[in-house]
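> Input structure: run-v4.cif, which contains mmCIF, C-alpha atoms.
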```
data_input
loop_
_atom_site.label_atom_id
_atom_site.label_comp_id
_atom_site.auth_asym_id
_atom_site.auth_seq_id
_atom_site.Cartn_x
_atom_site.Cartn_y
_atom_site.Cartn_z
CA GLN A 50 19.01 3.23 -1.58
CA VAL A 51 15.28 2.56 -1.31
CA LEU A 52 14.30 6.09 -0.24
CA THR A 53 16.34 8.06 -2.74
CA VAL A 54 14.42 11.33 -2.78
CA GLU A 55 16.33 13.50 -0.35
CA SER A 56 13.35 15.15 1.33
CA TRP A 57 11.99 11.74 2.34
CA ARG A 58 15.19 10.22 3.75
CA SER A 59 14.85 11.50 7.33
CA ASN A 60 12.71 10.43 10.26
CA THR A 61 9.18 11.67 9.54
CA ILE A 62 8.64 12.50 13.20
CA GLY A 63 11.54 14.96 13.05
CA VAL A 64 14.71 15.41 15.08
CA PRO A 65 14.53 17.36 18.39
CA GLU A 66 16.71 20.20 17.10
CA VAL A 67 14.39 20.94 14.21
CA ILE A 68 11.23 20.63 16.30
CA GLU A 69 12.60 22.94 18.99
CA ALA A 70 13.68 25.48 16.38
CA ALA A 71 10.23 25.74 14.81
CA SER A 72 8.90 29.26 15.27
CA ARG A 73 5.30 30.38 15.61
CA GLU A 74 5.54 31.96 12.16
CA VAL A 75 6.63 28.64 10.61
CA MET A 76 3.75 26.78 12.23
CA ILE A 77 1.21 29.37 11.06
CA ASP A 78 2.59 29.21 7.52
CA PHE A 79 2.27 25.40 7.55
CA GLN A 80 -1.29 25.65 8.82
CA GLN A 81 -2.30 28.23 6.21
CA THR A 82 -0.72 26.16 3.44
CA TYR A 83 -2.22 22.75 4.17
CA TYR A 84 -5.17 23.26 6.58
CA THR A 85 -7.40 24.85 3.97
CA PRO A 86 -10.83 23.93 2.53
CA ASP A 87 -9.40 23.16 -0.91
CA ASN A 88 -7.07 20.62 0.72
CA SER A 89 -9.66 18.89 2.91
CA ALA A 90 -12.89 16.92 2.87
CA LEU A 91 -15.85 16.96 5.23
CA ILE A 92 -17.07 13.38 5.71
CA ILE A 93 -20.40 12.78 7.46
CA SER A 94 -21.76 9.26 7.94
CA GLY A 95 -24.63 7.67 9.81
CA ASP A 96 -28.32 8.45 10.14
CA PHE A 97 -28.74 12.17 9.43
CA ASP A 98 -30.73 14.62 7.34
CA PRO A 99 -28.51 15.81 4.44
CA GLU A 100 -30.01 19.29 4.28
CA THR A 101 -29.57 19.83 8.02
CA ALA A 102 -26.00 18.54 7.88
CA LEU A 103 -25.08 20.79 4.94
CA ALA A 104 -26.60 23.81 6.64
CA ALA A 105 -24.60 23.09 9.80
CA ALA A 106 -21.42 22.63 7.76
CA GLU A 107 -21.99 25.94 6.00
CA GLU A 108 -22.54 27.68 9.31
CA VAL A 109 -19.38 26.26 10.87
CA PHE A 110 -17.02 26.25 7.88
CA GLY A 111 -18.53 28.84 5.52
CA ALA A 112 -16.09 31.59 6.52
CA TRP A 113 -13.05 29.35 6.07
CA GLU A 114 -10.82 31.09 3.53
CA TYR A 115 -9.60 29.32 0.41
CA GLY A 116 -5.88 28.55 0.53
CA GLY A 117 -4.63 27.29 -2.82
CA ARG A 118 -1.02 26.93 -1.65
CA SER A 119 -0.84 23.20 -0.99
CA ASP A 120 1.79 21.32 -3.01
CA TYR A 121 0.52 17.89 -1.95
CA ASP A 122 -0.21 16.71 -5.49
CA GLN A 123 3.24 17.80 -6.65
CA LEU A 124 5.19 15.81 -4.07
CA PRO A 125 7.35 13.07 -5.67
CA VAL A 126 7.03 9.32 -5.26
CA ASN A 127 9.47 8.56 -2.46
CA ILE A 128 10.49 5.00 -3.24
CA SER A 129 13.08 3.90 -5.77
CA ILE A 130 14.83 0.55 -6.06
CA PRO A 131 17.46 1.08 -8.76
CA ARG A 132 19.14 -2.31 -8.29
CA ASP A 133 18.83 -5.55 -6.35
CA THR A 134 19.70 -4.98 -2.71
CA MET A 135 19.82 -7.35 0.26
CA VAL A 136 19.86 -6.06 3.83
CA HIS A 137 20.47 -8.17 6.94
CA VAL A 138 19.06 -6.86 10.20
CA ALA A 139 19.24 -8.12 13.79
CA GLY A 140 15.91 -9.22 15.26
CA PRO A 141 14.40 -11.06 18.24
CA GLU A 142 15.43 -14.55 19.27
CA GLY A 143 13.67 -17.59 17.87
CA ILE A 144 12.12 -16.12 14.73
CA SER A 145 13.17 -14.64 11.41
CA THR A 146 11.42 -12.79 8.62
CA VAL A 147 12.19 -12.63 4.92
CA SER A 148 10.76 -9.82 2.79
CA ILE A 149 11.19 -9.16 -0.93
CA VAL A 150 9.99 -5.69 -1.90
CA PHE A 151 9.35 -4.22 -5.35
CA ARG A 152 8.18 -0.77 -6.28
CA GLY A 153 4.48 -0.80 -7.12
CA PRO A 154 2.13 1.43 -9.13
CA SER A 155 1.34 4.81 -7.58
CA MET A 156 -2.21 5.78 -6.71
CA MET A 157 -1.33 9.22 -8.01
CA ASP A 158 -1.19 8.48 -11.75
CA GLN A 159 -1.12 4.67 -12.22
CA GLN A 160 -4.46 3.64 -10.74
CA GLU A 161 -5.32 1.40 -13.69
CA TRP A 162 -2.81 -1.16 -12.37
CA THR A 163 -4.14 -1.26 -8.83
CA TYR A 164 -7.23 -3.39 -9.44
CA ALA A 165 -5.21 -6.32 -10.78
CA ALA A 166 -2.71 -5.75 -7.96
CA ASP A 167 -5.42 -6.15 -5.32
CA VAL A 168 -6.88 -9.25 -6.94
CA TRP A 169 -3.37 -10.73 -7.26
CA GLY A 170 -2.68 -10.23 -3.55
CA GLN A 171 -6.03 -11.69 -2.51
CA TYR A 172 -5.51 -14.68 -4.81
CA LEU A 173 -2.17 -15.51 -3.15
CA SER A 174 -3.71 -15.35 0.33
CA ALA A 175 -5.79 -18.48 -0.34
CA MET A 176 -4.50 -21.22 1.97
CA THR A 177 -5.26 -23.85 -0.70
CA GLY A 178 -3.27 -22.06 -3.40
CA ASP A 179 0.17 -23.00 -4.70
CA PHE A 180 1.86 -20.03 -3.01
CA GLN A 181 0.74 -21.06 0.47
CA GLN A 182 1.01 -24.79 -0.17
CA ARG A 183 4.57 -24.81 -1.47
CA LEU A 184 6.00 -22.33 1.01
CA VAL A 185 4.07 -23.18 4.19
CA THR A 186 2.29 -26.55 3.99
CA ASP A 187 5.13 -28.28 2.11
CA GLY A 188 7.85 -25.71 2.83
CA PRO A 189 9.83 -24.21 5.70
CA PHE A 190 7.80 -21.03 6.31
CA LEU A 191 5.47 -20.62 9.29
CA SER A 192 3.40 -18.09 7.34
CA VAL A 193 3.70 -16.12 4.10
CA TYR A 194 1.92 -13.25 2.41
CA ALA A 195 2.01 -11.23 -0.78
CA SER A 196 0.49 -7.79 -1.00
CA TYR A 197 0.28 -4.51 -2.86
CA TYR A 198 0.08 -1.44 -0.60
CA SER A 199 -2.15 1.24 -2.14
CA GLN A 200 -0.18 4.47 -1.73
CA ARG A 201 0.46 7.67 -3.65
CA PHE A 202 4.05 8.27 -2.56
CA GLU A 203 5.46 4.93 -1.41
CA PRO A 204 3.63 2.12 -3.26
CA THR A 205 5.16 -1.29 -2.64
CA ILE A 206 4.67 -4.89 -3.70
CA THR A 207 5.86 -7.21 -0.96
CA PHE A 208 6.40 -10.94 -0.58
CA GLY A 209 7.11 -11.86 3.03
CA GLY A 210 7.09 -14.63 5.57
CA THR A 211 8.13 -15.79 9.01
CA ILE A 212 10.52 -18.69 9.41
CA VAL A 213 12.86 -20.26 11.95
CA PRO A 214 16.28 -18.53 11.75
CA GLU A 215 18.30 -21.51 10.58
CA LEU A 216 16.06 -21.94 7.52
CA SER A 217 15.95 -18.29 6.42
CA GLU A 218 18.44 -18.78 3.57
CA GLU A 219 16.55 -21.81 2.26
CA GLY A 220 13.27 -19.94 2.65
CA TYR A 221 14.52 -16.98 0.66
CA ALA A 222 15.58 -19.24 -2.22
CA LEU A 223 12.22 -21.04 -2.23
CA MET A 224 10.29 -17.76 -2.20
CA ARG A 225 12.31 -16.51 -5.16
CA ALA A 226 11.59 -19.77 -7.00
CA GLU A 227 7.86 -19.43 -6.31
CA ILE A 228 7.87 -15.88 -7.64
CA GLU A 229 9.43 -17.18 -10.85
CA ARG A 230 6.67 -19.81 -11.14
CA MET A 231 4.09 -17.03 -11.20
CA PHE A 232 5.29 -15.98 -14.64
CA GLN A 233 4.36 -19.38 -16.09
CA GLU A 234 1.11 -19.67 -18.02
CA GLY A 235 -1.75 -21.06 -15.97
CA TYR A 236 -0.46 -20.13 -12.51
CA PHE A 237 -3.48 -17.88 -12.01
CA THR A 238 -6.82 -19.47 -12.83
CA GLU A 239 -10.02 -17.65 -13.75
CA GLY A 240 -11.91 -19.53 -11.03
CA GLY A 241 -9.41 -18.54 -8.37
CA LEU A 242 -9.46 -14.92 -9.52
CA GLU A 243 -13.27 -14.82 -9.42
CA LEU A 244 -13.10 -16.05 -5.82
CA ALA A 245 -10.53 -13.38 -4.98
CA VAL A 246 -12.77 -10.66 -6.45
CA GLU A 247 -15.72 -11.94 -4.43
CA GLN A 248 -13.66 -11.96 -1.23
CA LEU A 249 -12.60 -8.37 -1.83
CA ARG A 250 -16.22 -7.38 -2.48
CA ARG A 251 -17.33 -8.95 0.79
CA HIS A 252 -14.50 -7.30 2.69
CA ARG A 253 -15.66 -3.94 1.37
CA LEU A 254 -19.26 -4.63 2.45
CA PHE A 255 -18.04 -5.59 5.91
CA LYS A 256 -16.12 -2.32 6.23
CA GLU A 257 -19.26 -0.41 5.27
CA GLU A 258 -21.21 -1.86 8.22
CA SER A 259 -19.84 0.75 10.63
CA ALA A 260 -20.58 4.44 10.09
CA VAL A 261 -17.74 5.33 12.47
CA ASP A 262 -15.21 3.26 10.53
CA MET A 263 -16.42 4.72 7.25
CA ALA A 264 -16.04 8.29 8.52
CA THR A 265 -12.73 7.88 10.36
CA GLU A 266 -10.89 5.20 8.36
CA THR A 267 -12.26 3.96 5.05
CA LEU A 268 -13.40 7.13 3.29
CA PRO A 269 -10.53 9.38 4.54
CA PHE A 270 -7.95 6.81 3.41
CA TRP A 271 -9.34 6.45 -0.10
CA TRP A 272 -10.05 10.16 -0.48
CA VAL A 273 -6.39 10.91 0.28
CA GLN A 274 -4.83 8.03 -1.65
CA GLY A 275 -7.25 8.08 -4.59
CA GLY A 276 -7.24 11.86 -4.98
CA GLY A 277 -11.01 12.03 -4.48
CA MET A 278 -13.93 9.66 -4.07
CA ASP A 279 -14.25 8.40 -7.66
CA TYR A 280 -11.71 5.62 -7.13
CA TYR A 281 -13.57 4.25 -4.11
CA LEU A 282 -17.01 4.54 -5.69
CA GLU A 283 -15.97 2.85 -8.94
CA TYR A 284 -13.78 0.22 -7.28
CA PRO A 285 -16.23 -2.76 -7.33
CA GLU A 286 -17.03 -2.27 -11.01
CA ASN A 287 -13.37 -2.05 -12.02
CA LEU A 288 -12.44 -4.98 -9.78
CA ALA A 289 -14.98 -7.22 -11.51
CA LEU A 290 -13.29 -6.56 -14.87
CA VAL A 291 -9.93 -8.03 -13.80
CA SER A 292 -8.92 -11.13 -15.80
CA ALA A 293 -6.06 -13.61 -15.62
CA ALA A 294 -4.42 -11.71 -18.47
CA ASP A 295 -4.58 -8.50 -16.42
CA VAL A 296 -2.88 -10.18 -13.45
CA ASP A 297 -0.21 -11.67 -15.73
CA ASN A 298 0.35 -8.22 -17.21
CA PHE A 299 0.62 -6.70 -13.74
CA ILE A 300 3.31 -9.08 -12.48
CA GLY A 301 5.06 -9.05 -15.85
CA THR A 302 5.36 -5.27 -15.69
CA TRP A 303 5.99 -4.60 -12.00
CA ILE A 304 7.76 -7.76 -10.75
CA GLU A 305 9.34 -9.79 -13.56
CA GLY A 306 12.85 -8.53 -14.27
CA GLN A 307 12.50 -5.63 -11.83
CA PRO A 308 15.04 -4.90 -9.06
CA SER A 309 14.01 -5.67 -5.50
CA ALA A 310 15.04 -4.88 -1.96
CA VAL A 311 15.37 -7.94 0.28
CA PHE A 312 15.23 -7.67 4.05
CA VAL A 313 16.31 -10.65 6.15
CA VAL A 314 15.79 -10.30 9.89
CA THR A 315 17.57 -12.91 12.03
CA PRO A 316 18.72 -13.00 15.68
CA GLU A 317 22.38 -12.98 14.70
CA GLY A 318 21.96 -10.52 11.86
CA GLU A 319 23.74 -7.19 11.69
CA TRP A 320 22.92 -4.25 9.50
CA SER A 321 24.75 -5.00 6.27
CA GLU A 322 24.23 -4.80 2.54
#
```
For this file, write the structure as structure tokens.

Amino acid sequence: QVLTVESWRSNTIGVPEVIEAASREVMIDFQQTYYTPDNSALIISGDFDPETALAAAEEVFGAWEYGGRSDYDQLPVNISIPRDTMVHVAGPEGISTVSIVFRGPSMMDQQEWTYAADVWGQYLSAMTGDFQQRLVTDGPFLSVYASYYSQRFEPTITFGGTIVPELSEEGYALMRAEIERMFQEGYFTEGGLELAVEQLRRHRLFKEESAVDMATETLPFWWVQGGGMDYYLEYPENLALVSAADVDNFIGTWIEGQPSAVFVVTPEGEWSE
């Protein structure tokens, strides 16, 4: 029910029968469709001379033929939660998890929502905030989190936590109640949001300390998810513009009144809906 688009419903690794049936012609066609210069980016980081690097890139990749066949940008969003769903799943002994998942804004064509989403998630991670205090310090959870996952095709907003199995039902009810409190005026303060923005800014600076991480993780991720480098380059400026009203608008649009998928993992659980 969550992955409703048929082409996304199977194991992404593939089943043995399909893998074994793949011909050389099929593999070449896949390569020529997606492994093309118009569907790729050359990322160089570290201490180098730009002119020398560009000359080397031209020498190595200059003869690479343009493809123009990739349908990457036309692929559909692969998550849909049409109605409230609860799934119970068996897990390891001694611990349980509760997750409440909503569909989030896509990085493909709804990027304007993502800045408030990131600030919202960082705000709720503060150990001194109401979310952590009510559910962990004064509540039954061992840990909790709330996050927006920046994705083009499967964007999610997730509330989750670990808890002892016998308290999972109580924990779920308390988490739902805390989500409802977020819609009340004053839950998010300007001071707390400013701190969240500053924490995100520092996290970005920390990630930029390593040229290897920038070239192999940070820039490739945002180039793919953001559809180019503009989103990453303009991120700090747009993040600084987020206000309490923006965060209220975000949760009011994407969480309040929206259907969710709930996953409860307990030792005695069985797959059921």
> Give me the residues within 10 Å of range 73-79 of chain A as a VMD selection string, counting all atoms listed in the file and dropping any in the same chain fewer than 3 places off.
chain A and resid 70 82 to 84 118 to 119
> Can you tell me how far CA of Met278 in chain A sits from CA of Asp297 in chain A, in Å to one decimal?
27.9 Å
> Identify the residues within 10 Å of coordinate (16.1, -7.3, -2.4) (same frame as the file), considering all atoms listed in the file, and give the answer as a PyMOL selection string.
chain A and resi 51+130+132-136+147-151+308-313+322
> So what do you get for CA of Ser192 in chain A versus CA of Gly143 in chain A, distance-wise?
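That distance, rounded to one decimal, is 14.7 Å.
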> Any chance you could work out the residue set of the PyMOL selection byres ((chain A and resi 189) around 9) here, as a PyMOL selection string?
chain A and resi 183-188+190-191+212-213+216-217+219-220+223
> Which of these, A:Thr238, A:Thr101, A:Thr205, A:Gln307, has the shortest distance to Met156 in chain A once you count only C-alpha atoms?
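Ranked by minimum distance to Met156 in chain A, first place goes to A:Thr205.
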> Might you spell out which residues the PyMOL selection byres ((chain A and resi 242-244) around 10) would select in the displayed file, as a ChimeraX atom specification?
/A:165,168-169,171-173,175,237-241,245-250,288-293,296
> Apply the PyMOL selection byres ((chain A and resi 203) around 7) to the displayed file and report the matching residues as a PyMOL selection string.
chain A and resi 126-128+200-202+204-205
> Can you pull out every residue within 12 Å of Ser199 in chain A, counting only C-alpha atoms, but drop anything in the same chain fewer than 3 positions away, and send it as a PyMOL selection string?
chain A and resi 152-157+159-167+170+196+202-207+270-271+273-275+280-281
> Using Å and a single decimal, report how far CA of Gln81 in chain A sits from CA of Gly117 in chain A.
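Result for CA of Gly117 in chain A versus CA of Gln81 in chain A: 9.4 Å, one decimal.
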> Need the shell around Ala106 in chain A: protein/DNA/RNA residues with any atom at most 12 Å away, counting only C-alpha atoms. Skip same-chain ones fewer than 4 positions apart. Format as a list in words?
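What passes the distance filter is Pro86, Ala90, Leu91, Ile92, Ile93, Pro99, Glu100, Thr101, Ala102, Phe110, Gly111, Ala112 and Trp113 of chain A.
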> Which residue gives the smallest distance to Glu234 in chain A among A:Ala294, A:Leu268, A:Tyr221, A:Pro214, with only C-alpha atoms counted?
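Selected residue with least distance to Glu234 in chain A: A:Ala294.
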> Go through A:Asp179, A:Val67, A:Ser259, A:Ile300 and flag the residue nearest Tyr197 in chain A, using only C-alpha atoms for the distances.
A:Ile300
> Which of these residues is nearest to Phe232 in chain A, using all atoms listed in the file: A:Glu114, A:Glu107, A:Asp98, A:Glu305?
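Among A:Glu114, A:Glu107, A:Asp98, A:Glu305, it is A:Glu305 that comes nearest to Phe232 in chain A.
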> Nearest to Gln181 in chain A among A:Trp272, A:Phe208, A:Tyr198, A:Tyr121, with distances taken over only C-alpha atoms: which residue is it?
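Looking only at the distances to Gln181 in chain A, the closest residue turns out to be A:Phe208.
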